[in-house]
Every structure is written in structure tokens, then in C-alpha cells.
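Following: one structure in C-alpha cells, then a few remarks.
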Amino acid sequence: MGEADVIPLHGPGGRPRPRPTPRRRSLTPPPVETPPEPPVAEEPPPANLPVPAAPSELERTVTEVAAFLRRRLAGRYTVDEFGFDPDLNENVILPTLRPLYERWFRVETIGVENVPAEGGALLVANHSGTLPLDALMTVVATHDDLPTPRNLRMLAADLVFGLPGAGALARKAGHTLACNPDAEALLGDGELVGVWPEGFKGIGKAYADRYKLQRFGRGGFVSAALRTGVPIIPCSIVGAEEIYPKIGDLGPLARLLGVPYFPITPTWPLLGPLGLVPLPSKWYIEFGEPIRTDEFEPGAADDPMLVFNLTDQVRENIQQTLYRLLSGRRNAFLG
Amino acid sequence: MPPSVVLVTGVSRQLGGDLAARLAADPSIDRVLGVDTTPPSRDMRRRMGRAEFVRVDIRNPLIGKVISTAKVDTVVHASLSGHPSASGGRSMMMEMNVIGTMQLLAACQKSDTVGRLVVRSTTSVYGASKRDPATFTEATEPKALPPGGYAKDAVEIEGYVRSFSRRRPDIPVTTLRFVNFIGPRADTAFAHYFSLPVVPMVLGFDARVQLLHHEDAVAVLERATTNDLPGVFNVGADGVLMLSQAIRRAGRVALPIPEPLVPWVGRITRRARLVDFSPEQMRLLNYGRVVDTTKLKTEFGFEPRWTTVQAFDDFVAGRALRPVVDTDRIVNVGESVVRGAAHYLPGHRGAAVQLEAAPDQPALAPVR
């Protein structure tokens with residue numbers, strides 16, 4: 001009789017790390033663009049003047065918000081050529097996502113030390129959940145839970161950039177179209193790039209197929225990583241499958257609207273707008289060990305066999321991690 | 001090898017005129033011939049100095065005679081126009097752009113004196129769509145070919161230029177794809193657009209805008225005229241402004257317009273002679289366009305003096321655009337109102353008083 005298979009419940013990252021207490025986040029001014037103040041000769045304050053009381057937190061907040069509004073309304077901030085607006089991202093977009101991340105999904109991150117603190121890296125993750133909330137939560141995870149906050153630059157489908165509102169917002173949050181020139185440009189600039197290679201097949205899969213990885217595109221992300229020599233970080237997200245359990249699909253309506261699928265969930269479209277509220281599942285995001293790509297000889301990106309093998313390796317890695325995380329989870333909502 | 005006789009087309013318009021003026025100021029160039037269908041303005045003529053103006057339509061074979069009699073050795077084709085109403089309607093603009101280029105290239109091909117050709121093109125040849133990468137390099141194929149108008153003219157012109165260089169491989173051809181110009185003196189559609197008190201933009205879209213200072217544009221053309229730098233080059237300044245950001249920097253008020261209504265608004269502003277945007281240029285307001293200028297810096301050897309933001313600020317300062325709404329003042333008023341209201345919050349005032357009374361005490365718990 002052989003021994004029972006032992007499935008390690010927790011990866012090399014150890015037990016799920018308790019979430020660090022949320023730091024007090026203040027409105028940070030943009031790194032550049034503020035015109036240099038003329039140097040003021042420092043004078044010691046006259047002794048007989050009353051010492052001004054320390055500003056209360058409320059006053060500080062008012063000052064910060066007013067400074068932020070002035071900056072925004074005068075257009076005194078910088079964007080990069082992708083349209084990334086760090087000032088808006090830091091002060092509006094991330095704070096909007098944070099309650100969802102901290103309170104609603106109670107995301108736990110594992111293996112944050114696997115994400116390099118600087119330099120280009122390609123984060124590859126599984127996609128699920130009907131709406132790309134998993135991508136947005138990963139953005140918060142890579143900003144808040146890493147020892148040094150990083151801005152995850154995601155590669156998104158062209159559908160996003162054609163949508164009024166969403167497209168402009170995605171650009172401002174630093175995301176760009178999933179295409180090799182953009183991926184290589186970002187990786188070459190030393191950015192942390194996020195890619196969801198399953199695409200619509202992954203995010204729009206039925207609830208019955210949850211946590212079964214779909215095909216990983218055509219391996220375009222691997223060749224981008226090979227060309228720039230950056231590590232690939234497999235990222236496994238557990239919990240996102242349960243937020244909108246897709247039990248049906250209105251294909252004709254989807255075609256009419258020009259979207260890949262029109263989901264039916266237990267609450268949507270039955271309850272109307274209320275059906276848009278995601279179910280509060282408990283999430284785990286595990287960053288796996290980086291897979292190096294700088295050891296291959298130049299020209300490896302043009303070797304389809306190698307690209308397919310690497311793609312498979314990353315996919316297998318994520319699938320195994322998903323199974324491991326799932327076996328350690330007792331309840332989808334309580335964790 | 002510096003040129004001795006230069007022919008510049010489109011000299012009655014700003015870019016061509018300014019280039020002719022620059023070349024005329026260069027003593028190493030013997031003659032500068034300016035060609036256009038309408039004579040340049042008095043001010044332009046004064047600045048052009050010793051440059052000679054020849055009133056000839058480049059669609060007419062006469063242009064060949066001008067080139068051969070003057071022994072022109074460098075032709076700068078700068079007359080590409082994107083303003084339908086300034087060129088006498090869309091069909092007239094297409095005539096001037098495409099047929100004019102064909103005639104000019106035919107004349108150059110026949111000539112045995114022409115030894116350099118510089119063609120002004122535009123980054124509109126890349127189109128603008130949601131499927132495009134964030135930045136275009138010279139090798140990027142457009143995802144959707146521009147459907148018509150100005151951009152299509154430019155695509156066709158570039159096609160004729162390519163076949164010209166196949167037939168006359170001995171003549172180095174420089175094709176310069178310019179982004180939109182801006183500057184205190186720039187008389188372009190973009191300058192008019194940002195001078196409107198209320199600036200229409202597409203609802204839910206915010207284009208990335210890359211600009212080029214007018215002076216930099218002239219300098220690039222001058223460098224291409226006086227040096228052999230064959231190839232296709234993107235010409236744009238460093239950095240990017242968001243459309244909404246640019247509108248704010250100019251102190252204008254943005255007016256978001258739902259996408260289906262955009263062509264109508266475009267038509268109205270065109271009719272009213274406010275902004276001469278051709279319909280396909282309006283698409284630029286959706287997605288914007290940014291080009292990679294690495295090749296310009298390395299191979300062409302030109303570093304734009306103004307960044308996009310600096311060029312735009314120079315335009316705002318030079319035009320003395322006054323903010324339509326004083327946003328700083330609104331924020332100041334709002335801030336003082338909130339501060340004033342905060343004083344009446346229960347506990348807040350007391351806390352401040354206590355702090356004043358006992359400054360050595362550790363700070364009290366903040367009251368929100």
C-alpha cells in the first residue's frame with residue numbers, strides 16, 4: 001500500500017500572511033511638475049508670537065484635498081506616453097478600490113517577496129469572475145501589499161479602450177492594449193506588467209468550470225518576456241470565481257451589444273442593478289516563484305517550441321497553485 | 001552638401017513661409033524659391049527677405065519649367081494641407097494635396113538637377129483607433145486605414161513618394177511625419193480649438209495629445225533641407241498631455257459631447273469657421289495618437305527644444321489666453337467655507353482652544 005499523497009497546503013511563501021494594517025494614506029502630490037518655490041530665508045519666529053496650534057487632522061485633510069483640486073483643475077500633473085496619471089491613480093482610483101479589497105473581498109496575499117522590488121517583471125494570472133475585478137484587485141495588491149509599492153501596468157483587451165469612460169479610465173490608471181509593442185515598451189522601461197492570457201475565455205467561463213484554466217492565448221506574453229529578459233511571475237487568484245457565478249449566457253444579446261458574452265448570474269439580471277453587487281467571497285492572491293527568462297540565448301523568442309513550453313510551464317504552475325489554495329480553503333466566503 | 005537652390009512649396013502658409021524665411025537667412029544658400037497658388041501675406045513677404053516668390057500651381061506642368069530653369073537642387077514639399085475650408089473645399093484640398101504632389105514628383109523625376117527631396121507628411125497616416133498600440137513607430141502598420149480626407153491624402157502622397165524613390169533611387173528622400181503644431185504664432189486647427197472658450201471633447205474619452213512647437217517644426221524642415229538624411233521620421237515633442245489636461249491648462253472649459261453627436265458638432269464649428277477640423281481628425285479626439293521619436297533623435301539627429309507641455313504653455317502664454325473660470329478662486333472659496341464650517345463642528349473648536357491653552361500637552365485625539 002502506497003502512502004497517501006500529501007498536498008502541501010501552503011506554498012513556499014508559508015502561511016497566508018496577515019494583512020498589514022492599512023497605512024494612513026494621504027493625498028500625495030505628484031512627483032514632478034510643482035514649480036520650485038523661491039528659496040525663503042529662514043528666520044526664527046519671534047519669541048513673543050503665540051505658537052500656532054498644530055493643525056488638526058481635519059484641517060490637514062481639507063488642505064490636502066484643496067491642493068489636490070487646485071492641481072487637477074489647473075492641469076498641473078504629468079502623464080506618461082501611455083496616459084498613466086500617477087496623481088489620479090494614487091489619490092482617486094486606488095482609494096476607490098481599497099474598500100472592496102480590504103473589506104469586501106478581504107484579500108490575503110501570499111508570496112509578496114516573489115515580486116521584484118524594481119525592474120521589469122511580467123505578472124501572469126488566471127482570469128475569472130465575469131467582470132475583471134480580479135485584475136483590479138491585483139493592482140491594489142501589488143501597490144499596497146508589496147514592501148515597496150508598485151504600479152501594475154495591465155494589458156487589456158481592445159474592447160475596454162472602445163468603451164466610453166472605461167477606456168479613458170484604464171489609460172489613466174496606466175493600463176494599455178494587450179499587444180507586443182506595448183508590452184515590450186513597458187517591460188523595457190522596468191515596469192511591472194500584468195497579463196491575463198486566458199482573456200475572455202477565462203473571465204467568461206461558466207461557474208461549473210471554475211478554477212479550470214483555459215488556453216493561454218498564443219504565448220505572446222512569453223515572447224515579450226523573452227525579448228526583454230524579464231522574469232515571469234505566476235499569480236494565482238482564488239475567490240474571484242465566486243463573485244458573479246455565471247450560470248447562463250445570452251449569446252444573441254451579447255452579439256447585439258458587441259460584447260463577448262452576456263452573463264446570467266443568480267442575481268443578474270433578475271435583481272436589476274442589485275445584481276451588479278459582487279458576492280463577498282474571500283480572496284487569496286499568491287505570487288509564485290519567478291521564472292527567469294534571461295538565461296535563454298537571444299532569438300529564443302522566435303522559437304515557437306520554447307515559447308509553447310514556457311507558456312505551458314507557467315500555466316501548469318498557476319493551475320497547481322490554484323488546486324493547493326482551493327484544498328486549503330474550507331468555505332468560499334469565510335476562507 | 002548644403003543646397004544652392006531650394007524650392008519650397010506651400011510658401012504662403014505658415015510652415016512653408018517660415019521655412020523660406022529661415023533658408024533665405026542662410027548665406028550658404030544661393031537662391032530660395034517659394035511656390036504657392038496665392039501670394040504670401042505682406043508680413044510673411046517681409047520676413048522672407050531675399051526669397052523669391054513664384055506664383056504657380058503645383059498641379060500645373062509649369063512647375064517642371066520652374067525647376068529646370070532655376071536649376072533647383074533641393075525641393076521641399078511643405079504644402080500638405082489639412083484645412084478643407086482654407087483650401088477651398090474638401091475636393092479642392094484633395095486636388096492640391098494629391099494631384100499637386102503627383103505633378104511635383106513628376107517634375108522632380110524628369111529633372112537632372114534635383115538632388116534632394118523633403119516631403120512634409122503627417123502622423124495622421126497611422127489613424128487612431130482602440131486597436132492601436134500606445135506609441136507608433138515608423139514601422140507600425142495602421143490597424144484601420146484612415147477612411148478619407150486629410151489622412152488619406154497623406155497616405156496617398158506617401159505612396160507616390162515611395163514609388164518616386166524607387167524610380168529615382170539616386171535622390172535621397174526625407175519624409176517627415178509631423179504631429180500637430182502649436183505655439184504662440186501657430187495658426188493651426190489645434191490652436192483654434194484650444195482658443196475656444198468652451199472646448200468640445202468626446203464624452204467618456206480622453207485623448208493623449210502629442211504636440212510639436214512650431215519653431216521646432218521649422219527647424220526640423222531646415223535640417224532636412226540642408227543635410228542628406230533620407231528616410232521616414234516621426235516628428236513630435238517629448239511628453240504627452242491629456243486632452244482634458246490641456247484644456248484645463250489653457251483655462252478653458254471642457255464640454256463633453258456624446259459620441260454620436262460629435263460629427264454634428266464638428267460640422268457646426270467648421271461652418272462657423274471656429275475650428276477647421278476635418279471629420280477624420282475628430283477621431284483623434286477619441287483615442288489620441290503618440291509617436292515614438294527615437295529615430296528622429298538618433299538617426300536624424302534632432303532633439304526638440306520644447307516638450308509637449310512646454311510648447312503648449314508657450315502657446316497659452318503667447319496667446320495670452322485668460323482662464324474662462326478662475327478655478328483657483330473657487331477652490332479657495334470652497335476651502336474657506338469648509339474650514340469655517342469645521343469650526344462649528346461639535347468638539348472641534350474646543351479642541352483648538354485647549355491646544356492653545358496648553359501647548360505642552362500631547363496633541364489631542366483628532367476629531368473628524
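For the C-alpha cells, the naming scheme is as follows: chains receive sequential letters (A, B, ...) according to their order of presentation, residues are indexed from 1 within each chain, and ligands are indexed from 1 in presentation order.
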Check: which chain A residues lie within 10 Å of chain B using only C-alpha atoms, as a count of residues only: 59
query: How would you write, as a PyMOL selection string, the set of residues in stretch 33-253 of chain A that DSSP gives as helix (DSSP H, G or I)?
result: chain A and resi 57-74+86-104+112-114+133-144+158-162+166-172+180-188+199-203+207-209+220-228+240-242+251-253
query: When DSSP works through the backbone of this structure, what residues of stretch 84-278 of chain A end up as strand (DSSP E or B), shown as a PyMOL selection string?
result: chain A and resi 108-110+121-125+152-156+176-177+192-195+232-238+248-249+263-264
query: Can you list, as a count of residues only, every protein, DNA or RNA residue that comes within 8 Å of B:Met93 when you count only C-alpha atoms, leaving out same-chain residues fewer than 4 positions away?
result: 8
